[in-house]
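The structure under discussion appears below in the form of structure tokens.
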Amino acid sequence: MTWIFENWDRFWEVTEVHLRLSVVPVLIGFLLSIPLGWLASRSATARAILFPLANILFTIPSIALIVITPVLIGVKILDEINVIVPLTIYTIALMVRSVADALSAVPGHVTAAANAMGFRPLRRFLTVDFPLALPVTIAGLRVATVSNISMVSVGALVGLGGYGQLFTEGYQTDNPAKVFAGLIGTVVLAVLADGLLLVLGRVLTPWARAGR
Amino acid sequence: MIEFRAVTKRFEDGTIAVDELDLTVEAGTITVFVGPSGCGKTTSLRMVNRMIDPTSGTILVDGKDVLSVDPPTLRRGIGYVIQQAGLFPHRTVLDNVATVPLLSGWDRRKARARAAELLEIVGLDPAFGKRYPAQLSGGQQQRVGVARALAADPPVLLMDEPFSAVDPVVREGLQDELLRLQAELDKTIVFVTHDIDEALKLGERVAVFQTGGHLAQYAKPAELLSAPANDFVASFVGRDRGYRTLTFLHADVPVHPVTTAKLGQRVTVTDWTLVVDDQDRPRGWLSGVDGEIEVSERDLIAGGSLYDGSTLRGALDAALSSPSALGVMVDDNGAVVGVVKADDVIKALAKARAAGEVPK
Amino acid sequence: MGGWLFDPAHWSGPTGIPVRLLEHLGYTLMTLLIAAVIAIPLGAFVGHTGKGGFVVVGLSNALRALPTTAVLILVVLWAGLGDFPVYVALVLLAIPPIMAGAYAGIRAVDPVTVDAARGVGMRESGVLLKVEIPNALPLIYGGFRGAALQVVATATIAAYTGAGGLGRLVFDGLALQEFGQMLAGAVLVALLAVLVDLGFAGLQRLTVSPGLRPVGTGGKT
């Protein structure tokens, strides 16, 4: 712990990078998984393609995806995009299923009532289906966020930034305090992000806790 | 015999589920606990096999304090049937039924043979034994639940709303089946329900529970209807209780002859005519046709309920539901015996009352 | 690009692909065994008693946030190189999903079924072993297979501290700037993950009662 306070500037610097590398993929992945999840909840064909694809993407080790990405999209190995693209893919792989499950779980009588009252499809999705799907969706988002925050560190194995740099440097200089500092940073960040999403979920879906 | 002596159950949150219950369930009878939700009927039942222990008081099964027996051993000697059957989804029907014999240390072959025998007793094809519960209908699952409870041949059977999750037609069949089984097996059965009709149909004695865990009345069904102990019982047994009382009266009603005609026969219809098939079973009524006609299915007016000669309620309902106001009485084969009239039923009721046969 | 993978020279010898595959599989199976022995009884017991659920959930979430790389490096710095640090890091990774699956599986057993089990006179051990666990198996397998996928993928990192497994192809390829070798490593890991999952799906089919399959289907995998 003392390492953190003695090297506060450095610690803050890697924290910023770590945060950027984990939050950006979550945001992009989440936004992309909404239409994909919606598609999967509506069409069996889409489901039959998207779900197995998501499973396969998930089995590719993050370190492998991080080293392959630059070759596939033609950027340098030390570009941050090499972490952002793989983590976005993982986020989508996780979230497509969450969003699809959440939308499928919206009670049929509610959507039928909304149709009967004259909602058009897009408006119904935005004001009825999606809000009702939020609790399950946010539960998925929490898992994706926490696992992203933990996975960013892998990027350091190929020289990218974030807390992972503290791991590799600590390893090379035989300095456990530095590794431990990075570990604490990762866990604290994950717990904070998880708590934030939990609170956000409760604020956004007050009805979910009513009547308990 | 099951005795409740000053039994009280107070839950941790302070609510009193059962309040000073004193009640004796006679051996070899079906006793029904009935009441609205939260009246303590299920809690009372579950205290018999120690699924719940009382806060104070004593429960004796055949003279033995249940608290003196360790719960698993006690439960293996008491059959237990619950709502939705509670079958083990991961075991075949046969293994479900064999559960208690196996727990009691029977060898597997003997337990399975006994289980197969029980499936037949509850009216299921033994071929069902290989299936899993999820492959059965609700009514079939419930029969398996009864078979499982009977497997070790326990003298006492506890049934907690066993038929409330099945549809009304199947429920009626299961009720009839239970009465038939009981006539053969002669168990001491405690049956919990919230359905007063079910209670009146099945119970030799009925205990009406009132919210707050009070026993409001413990009596025979006919007495419950004719002499409710208080306003709660009166309103719980319902508005039609005068009519329902007729269920428990078996007085004779005069049977009148009726004009009948067979399908395909040429007749001149002057008055209400009952059309019957080749075995004299009623098909429907004819009325208001001009001249001679050949009787065909499409001229028929649908009939009402049939009276089988058992209770006054059946006789009155047959008369009231018939388009001709004549209640068709049939014999055991379903062949027409004659017709009964509503005012005859009322007269029979008056006679029974004068003779003191209607409980006050 | 696939040249490296299909070069026969890379398929033999003490550092050949078959050896790496077996090492990787060895890490995976041993890790899952250790993690299951710890996590299933814990999750099942807490699920059965219904007490301490927040501990299980909290512990799972905290462990999930733990970066495997850091754990691996810390244990290496403390205990030296070898397989031991690999197992510590991977077991900690596998415990949360397995424990959560066991806990959720037991909690999800229909209370009516559990009530019936007590009602027919089973003792608490019987209720847990004969009724709750067999009925919880589909969810227990769910957690376990999730853990298996993660362990297969993450065991790649073991090679960073010099241990074996398919990660060697990735890190050696990285050091030598041999893209073909890196890609071969990635593809083989993904392939192994699919095979391991298929294996456990088969095991699940053999050990889960047919009565727990959805009605009218040949069973879910």
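Letters A, B, ... go to the chains of the structure tokens in the order shown; residues in each chain start at 1; ligands are counted from 1 in the same order.
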Env of A:Gly164: 7 Å cut, atoms = only C-alpha atoms, seq-sep filter 6 positions within chain, self excluded. Answer as a ChimeraX atom specification. /A:153-156,182
Apply DSSP to the structure's backbone, then extract all residues of stretch 159-294 of chain B labelled alpha helix (DSSP H) and return them as a PyMOL selection string. chain B and resi 168-185+196-202+221-226+231-237+241-245
Saved selection, atoms kept: C-alpha atoms, as a tab-separated table (two decimals), in the first residue's frame:
```tsv
chain	number	residue	atom	x	y	z
B	168	PRO	CA	-61.92	-28.47	-11.95
B	169	VAL	CA	-62.84	-31.50	-14.06
B	170	VAL	CA	-59.69	-33.43	-13.15
B	171	ARG	CA	-60.09	-32.31	-9.54
B	172	GLU	CA	-63.54	-33.87	-9.36
B	173	GLY	CA	-62.15	-37.13	-10.72
B	174	LEU	CA	-59.35	-37.13	-8.17
B	175	GLN	CA	-61.82	-36.47	-5.36
B	176	ASP	CA	-63.99	-39.42	-6.43
B	177	GLU	CA	-60.86	-41.54	-6.64
B	178	LEU	CA	-59.81	-40.55	-3.14
B	179	LEU	CA	-63.23	-41.55	-1.78
B	180	ARG	CA	-63.00	-44.89	-3.58
B	181	LEU	CA	-59.46	-45.48	-2.24
B	182	GLN	CA	-60.49	-44.59	1.28
B	183	ALA	CA	-63.37	-47.08	1.13
B	184	GLU	CA	-60.76	-49.77	0.43
B	185	LEU	CA	-57.84	-48.62	2.58
B	196	ILE	CA	-65.63	-25.42	0.94
B	197	ASP	CA	-67.23	-27.59	-1.76
B	198	GLU	CA	-64.26	-29.94	-1.65
B	199	ALA	CA	-64.43	-29.99	2.15
B	200	LEU	CA	-68.14	-30.85	2.17
B	201	LYS	CA	-67.69	-33.52	-0.47
B	202	LEU	CA	-64.74	-35.34	1.08
B	221	PRO	CA	-70.84	-31.43	6.83
B	222	ALA	CA	-74.64	-31.49	7.10
B	223	GLU	CA	-74.51	-29.90	10.50
B	224	LEU	CA	-72.11	-27.24	9.26
B	225	LEU	CA	-74.66	-26.26	6.63
B	226	SER	CA	-77.77	-26.42	8.76
B	231	ASP	CA	-71.49	-15.66	11.28
B	232	PHE	CA	-68.01	-16.49	10.00
B	233	VAL	CA	-68.92	-20.12	9.38
B	234	ALA	CA	-72.28	-19.13	7.90
B	235	SER	CA	-70.64	-16.78	5.39
B	236	PHE	CA	-67.77	-19.19	4.69
B	237	VAL	CA	-70.02	-22.12	3.83
B	241	ARG	CA	-76.03	-23.61	2.04
B	242	GLY	CA	-79.76	-24.36	2.18
B	243	TYR	CA	-79.49	-25.89	-1.25
B	244	ARG	CA	-76.23	-27.68	-0.33
B	245	THR	CA	-77.93	-29.27	2.70
```
Set the distance at 12 Å and use only C-alpha atoms: which residues neighbour A:Asp174 once local chain neighbours fewer than 5 positions away are removed? I'd like the list as a ChimeraX atom specification. /A:166-169,179-180 /C:73-78,80
Residues as selected, C-alpha atoms, written as an mmCIF file, in the first residue's frame, can you do that?
```cif
data_model
loop_
_atom_site.group_PDB
_atom_site.id
_atom_site.type_symbol
_atom_site.label_atom_id
_atom_site.label_comp_id
_atom_site.auth_asym_id
_atom_site.auth_seq_id
_atom_site.Cartn_x
_atom_site.Cartn_y
_atom_site.Cartn_z
ATOM 1 C CA LEU A 166 2.935 -2.289 -12.618
ATOM 2 C CA PHE A 167 2.666 -6.097 -12.799
ATOM 3 C CA THR A 168 5.283 -6.555 -15.503
ATOM 4 C CA GLU A 169 7.658 -3.942 -14.064
ATOM 5 C CA VAL A 179 2.539 -5.725 -8.305
ATOM 6 C CA PHE A 180 0.401 -5.559 -5.202
ATOM 7 C CA ILE C 73 3.320 -12.788 -10.675
ATOM 8 C CA LEU C 74 2.921 -12.279 -6.918
ATOM 9 C CA VAL C 75 2.999 -16.014 -6.227
ATOM 10 C CA VAL C 76 5.998 -16.433 -8.538
ATOM 11 C CA LEU C 77 7.870 -13.659 -6.684
ATOM 12 C CA TRP C 78 6.962 -15.271 -3.385
ATOM 13 C CA GLY C 80 9.510 -19.099 -7.232
#
```
Strand (DSSP E) call set, DSSP backbone run, stretch 271-350 of chain B, as a list in words: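 Output for stretch 271-350 of chain B, strand (DSSP E) only: Thr273, Leu274, Val275, Val276, Pro282, Arg283, Gly284, Trp285, Leu286, Glu292, Ile293, Glu294, Leu326, Gly327, Val328, Met329, Val330, Val336, Val337, Gly338, Val339, Val340 and Lys341 of chain B.
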Residue subset to file, keeping N, CA and C atoms, as a short mmCIF file (atom, residue, chain, number, x, y, z; two decimals), in the first residue's frame:
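Ended up saving to out-v7.cif:
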```cif
data_model
loop_
_atom_site.label_atom_id
_atom_site.label_comp_id
_atom_site.auth_asym_id
_atom_site.auth_seq_id
_atom_site.Cartn_x
_atom_site.Cartn_y
_atom_site.Cartn_z
N THR B 273 -91.44 -34.95 -24.81
CA THR B 273 -91.10 -36.34 -25.06
C THR B 273 -89.60 -36.52 -24.91
N LEU B 274 -89.21 -37.56 -24.12
CA LEU B 274 -87.79 -37.81 -23.92
C LEU B 274 -87.31 -38.80 -24.99
N VAL B 275 -86.27 -38.38 -25.74
CA VAL B 275 -85.73 -39.24 -26.78
C VAL B 275 -84.58 -40.07 -26.20
N VAL B 276 -84.63 -41.38 -26.44
CA VAL B 276 -83.59 -42.26 -25.88
C VAL B 276 -82.93 -43.05 -27.00
N PRO B 282 -80.88 -41.46 -22.12
CA PRO B 282 -81.47 -40.21 -22.61
C PRO B 282 -80.57 -39.48 -23.60
N ARG B 283 -81.18 -38.94 -24.68
CA ARG B 283 -80.44 -38.19 -25.68
C ARG B 283 -80.83 -36.71 -25.68
N GLY B 284 -82.10 -36.44 -25.34
CA GLY B 284 -82.56 -35.05 -25.37
C GLY B 284 -84.09 -35.03 -25.39
N TRP B 285 -84.64 -33.83 -25.48
CA TRP B 285 -86.09 -33.67 -25.41
C TRP B 285 -86.65 -33.21 -26.74
N LEU B 286 -87.96 -33.53 -26.95
CA LEU B 286 -88.71 -33.02 -28.11
C LEU B 286 -89.94 -32.29 -27.59
N GLU B 292 -96.81 -35.56 -37.46
CA GLU B 292 -95.94 -36.71 -37.25
C GLU B 292 -94.56 -36.42 -37.85
N ILE B 293 -93.51 -36.75 -37.09
CA ILE B 293 -92.15 -36.55 -37.62
C ILE B 293 -91.33 -37.80 -37.40
N GLU B 294 -90.17 -37.86 -38.11
CA GLU B 294 -89.21 -38.90 -37.80
C GLU B 294 -88.18 -38.28 -36.86
N LEU B 326 -88.84 -31.55 -15.92
CA LEU B 326 -88.90 -32.93 -15.44
C LEU B 326 -87.46 -33.44 -15.33
N GLY B 327 -87.04 -33.82 -14.11
CA GLY B 327 -85.67 -34.30 -13.92
C GLY B 327 -85.57 -35.77 -14.29
N VAL B 328 -84.66 -36.08 -15.21
CA VAL B 328 -84.55 -37.45 -15.69
C VAL B 328 -83.78 -38.29 -14.67
N MET B 329 -84.40 -39.41 -14.21
CA MET B 329 -83.69 -40.30 -13.31
C MET B 329 -83.19 -41.50 -14.10
N VAL B 330 -81.92 -41.87 -13.86
CA VAL B 330 -81.35 -43.01 -14.59
C VAL B 330 -80.87 -44.07 -13.60
N VAL B 336 -83.01 -44.80 -18.66
CA VAL B 336 -84.06 -43.96 -18.05
C VAL B 336 -84.98 -44.80 -17.16
N VAL B 337 -85.20 -44.31 -15.92
CA VAL B 337 -86.12 -44.97 -15.00
C VAL B 337 -87.45 -44.22 -14.98
N GLY B 338 -87.37 -42.89 -15.04
CA GLY B 338 -88.57 -42.06 -14.98
C GLY B 338 -88.14 -40.63 -14.75
N VAL B 339 -89.10 -39.79 -14.31
CA VAL B 339 -88.74 -38.39 -14.07
C VAL B 339 -89.20 -37.96 -12.68
N VAL B 340 -88.48 -36.95 -12.15
CA VAL B 340 -88.87 -36.39 -10.85
C VAL B 340 -89.25 -34.92 -11.03
N LYS B 341 -90.08 -34.41 -10.09
CA LYS B 341 -90.53 -33.02 -10.18
C LYS B 341 -90.02 -32.23 -8.98
#
```
Quick one: residues within 12 Å of A:Ile60, only C-alpha atoms counted, chain neighbours fewer than 4 positions away excluded, as a PyMOL selection string? (chain A and resi 53-56+64-68+86-87+89-90+93) or (chain C and resi 149-156+167+183-194)
8 Å contact set for stretch 57-63 of chain C, only C-alpha atoms, chain neighbours under 3 positions out, as a count of residues only: 12
At a cut-off of 6 Å, can you tabulate as a tab-separated table every residue of chain C near chain B together with its closest atom pair and the distance in Å to one decimal, using only C-alpha atoms and ordering rows by chain then number?
```
residue	atom	partner	partner_atom	distance
C:Val112	CA	B:Gly86	CA	5.2
C:Thr113	CA	B:Gly86	CA	4.6
C:Ala116	CA	B:Gly86	CA	5.5
C:Val120	CA	B:Arg76	CA	5.6
C:Gly121	CA	B:Pro72	CA	4.0
C:Met122	CA	B:Pro72	CA	5.7
C:Arg123	CA	B:Pro72	CA	5.9
C:Ser209	CA	B:His90	CA	5.1
C:Gly211	CA	B:His90	CA	4.8
C:Leu212	CA	B:His90	CA	5.7
```
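Atom pair atom CA of A:Leu157 / atom CA of A:Pro61 has a distance of 13.0 Å (rounded to one decimal).
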Find the residues near stretch 25-30 of chain B: any atom within 8 Å, counting only C-alpha atoms, skip ones fewer than 3 places away on the same chain, and give them as a PyMOL selection string. chain B and resi 1-3+186-191+202-205
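Nearest to chain A of all the residues C:Leu22, C:Val196, C:Val109, C:Ala36 is C:Val196, based on only C-alpha atoms.
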Write out as a PDB file with N, CA and C atoms, in the first residue's frame the residues lying within 12 Å of A:Gly195, counting only C-alpha atoms and excluding same-chain residues fewer than 3 positions away.
```
ATOM      1  N   ILE A 138     -28.500  -4.603 -16.837  1.00  0.00           N
ATOM      2  CA  ILE A 138     -27.478  -3.995 -15.981  1.00  0.00           C
ATOM      3  C   ILE A 138     -26.696  -5.076 -15.237  1.00  0.00           C
ATOM      4  N   ALA A 139     -27.354  -6.167 -14.865  1.00  0.00           N
ATOM      5  CA  ALA A 139     -26.633  -7.267 -14.228  1.00  0.00           C
ATOM      6  C   ALA A 139     -25.544  -7.773 -15.173  1.00  0.00           C
ATOM      7  N   LEU A 141     -24.169  -6.018 -17.593  1.00  0.00           N
ATOM      8  CA  LEU A 141     -23.209  -4.928 -17.752  1.00  0.00           C
ATOM      9  C   LEU A 141     -22.207  -4.926 -16.594  1.00  0.00           C
ATOM     10  N   ARG A 142     -22.687  -5.267 -15.395  1.00  0.00           N
ATOM     11  CA  ARG A 142     -21.783  -5.308 -14.234  1.00  0.00           C
ATOM     12  C   ARG A 142     -20.723  -6.382 -14.427  1.00  0.00           C
ATOM     13  N   VAL A 143     -21.156  -7.556 -14.902  1.00  0.00           N
ATOM     14  CA  VAL A 143     -20.194  -8.635 -15.135  1.00  0.00           C
ATOM     15  C   VAL A 143     -19.183  -8.217 -16.199  1.00  0.00           C
ATOM     16  N   THR A 145     -18.259  -5.211 -17.130  1.00  0.00           N
ATOM     17  CA  THR A 145     -17.379  -4.141 -16.670  1.00  0.00           C
ATOM     18  C   THR A 145     -16.277  -4.685 -15.767  1.00  0.00           C
ATOM     19  N   VAL A 146     -16.679  -5.508 -14.785  1.00  0.00           N
ATOM     20  CA  VAL A 146     -15.689  -6.050 -13.857  1.00  0.00           C
ATOM     21  C   VAL A 146     -14.668  -6.909 -14.607  1.00  0.00           C
ATOM     22  N   VAL A 188     -10.027  -2.242  -6.514  1.00  0.00           N
ATOM     23  CA  VAL A 188     -10.786  -1.062  -6.066  1.00  0.00           C
ATOM     24  C   VAL A 188     -11.589  -0.489  -7.225  1.00  0.00           C
ATOM     25  N   LEU A 189     -10.943  -0.393  -8.379  1.00  0.00           N
ATOM     26  CA  LEU A 189     -11.631   0.147  -9.554  1.00  0.00           C
ATOM     27  C   LEU A 189     -12.851  -0.726  -9.908  1.00  0.00           C
ATOM     28  N   ALA A 190     -12.648  -2.046  -9.865  1.00  0.00           N
ATOM     29  CA  ALA A 190     -13.728  -2.975 -10.216  1.00  0.00           C
ATOM     30  C   ALA A 190     -14.890  -2.842  -9.222  1.00  0.00           C
ATOM     31  N   VAL A 191     -14.557  -2.788  -7.932  1.00  0.00           N
ATOM     32  CA  VAL A 191     -15.605  -2.689  -6.915  1.00  0.00           C
ATOM     33  C   VAL A 191     -16.362  -1.364  -7.059  1.00  0.00           C
ATOM     34  N   LEU A 192     -15.609  -0.269  -7.318  1.00  0.00           N
ATOM     35  CA  LEU A 192     -16.252   1.034  -7.482  1.00  0.00           C
ATOM     36  C   LEU A 192     -17.184   1.037  -8.684  1.00  0.00           C
ATOM     37  N   LEU A 198     -24.586  -0.686  -9.857  1.00  0.00           N
ATOM     38  CA  LEU A 198     -25.647  -1.188  -8.983  1.00  0.00           C
ATOM     39  C   LEU A 198     -26.575  -0.040  -8.586  1.00  0.00           C
ATOM     40  N   VAL A 199     -25.951   1.077  -8.159  1.00  0.00           N
ATOM     41  CA  VAL A 199     -26.743   2.236  -7.738  1.00  0.00           C
ATOM     42  C   VAL A 199     -27.512   2.799  -8.929  1.00  0.00           C
ATOM     43  N   LEU A 200     -26.823   2.889 -10.059  1.00  0.00           N
ATOM     44  CA  LEU A 200     -27.462   3.398 -11.272  1.00  0.00           C
ATOM     45  C   LEU A 200     -28.698   2.561 -11.614  1.00  0.00           C
ATOM     46  N   GLY A 201     -28.522   1.255 -11.517  1.00  0.00           N
ATOM     47  CA  GLY A 201     -29.642   0.345 -11.805  1.00  0.00           C
ATOM     48  C   GLY A 201     -30.813   0.604 -10.871  1.00  0.00           C
ATOM     49  N   ARG A 202     -30.532   0.791  -9.607  1.00  0.00           N
ATOM     50  CA  ARG A 202     -31.625   1.012  -8.657  1.00  0.00           C
ATOM     51  C   ARG A 202     -32.330   2.324  -8.915  1.00  0.00           C
TER      52      ARG A 202
ATOM     53  N   GLY C  58     -20.626 -12.085  -2.320  1.00  0.00           N
ATOM     54  CA  GLY C  58     -19.579 -11.078  -2.138  1.00  0.00           C
ATOM     55  C   GLY C  58     -18.207 -11.629  -2.486  1.00  0.00           C
ATOM     56  N   ASN C  61     -17.803 -12.099  -6.231  1.00  0.00           N
ATOM     57  CA  ASN C  61     -17.573 -10.854  -6.952  1.00  0.00           C
ATOM     58  C   ASN C  61     -16.167 -10.327  -6.715  1.00  0.00           C
ATOM     59  N   ALA C  62     -15.707 -10.397  -5.455  1.00  0.00           N
ATOM     60  CA  ALA C  62     -14.370  -9.892  -5.141  1.00  0.00           C
ATOM     61  C   ALA C  62     -13.320 -10.699  -5.895  1.00  0.00           C
TER      62      ALA C  62
END
```
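Take the candidates A:Ala46, A:Ile4, A:Val158, A:Leu32 and check each one against A:Glu80 using only C-alpha atoms; the shortest distance goes to A:Val158.
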What separation in Å, quoted to one decimal, exists between atom CA of A:Leu57 and atom CA of A:Ser41?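 One can read the atom CA of A:Leu57 to atom CA of A:Ser41 distance as 19.7 Å.
In this comparison, which uses only C-alpha atoms, the residue of C:Pro18, C:Gly180, C:Gly82, C:Pro67 approaching chain A most closely is C:Pro67.
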Length of the atom CA of C:Pro138 to atom CA of C:Arg213 vector [Å]: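 If I compute the distance from atom CA of C:Pro138 to atom CA of C:Arg213, I get 9.0 Å.
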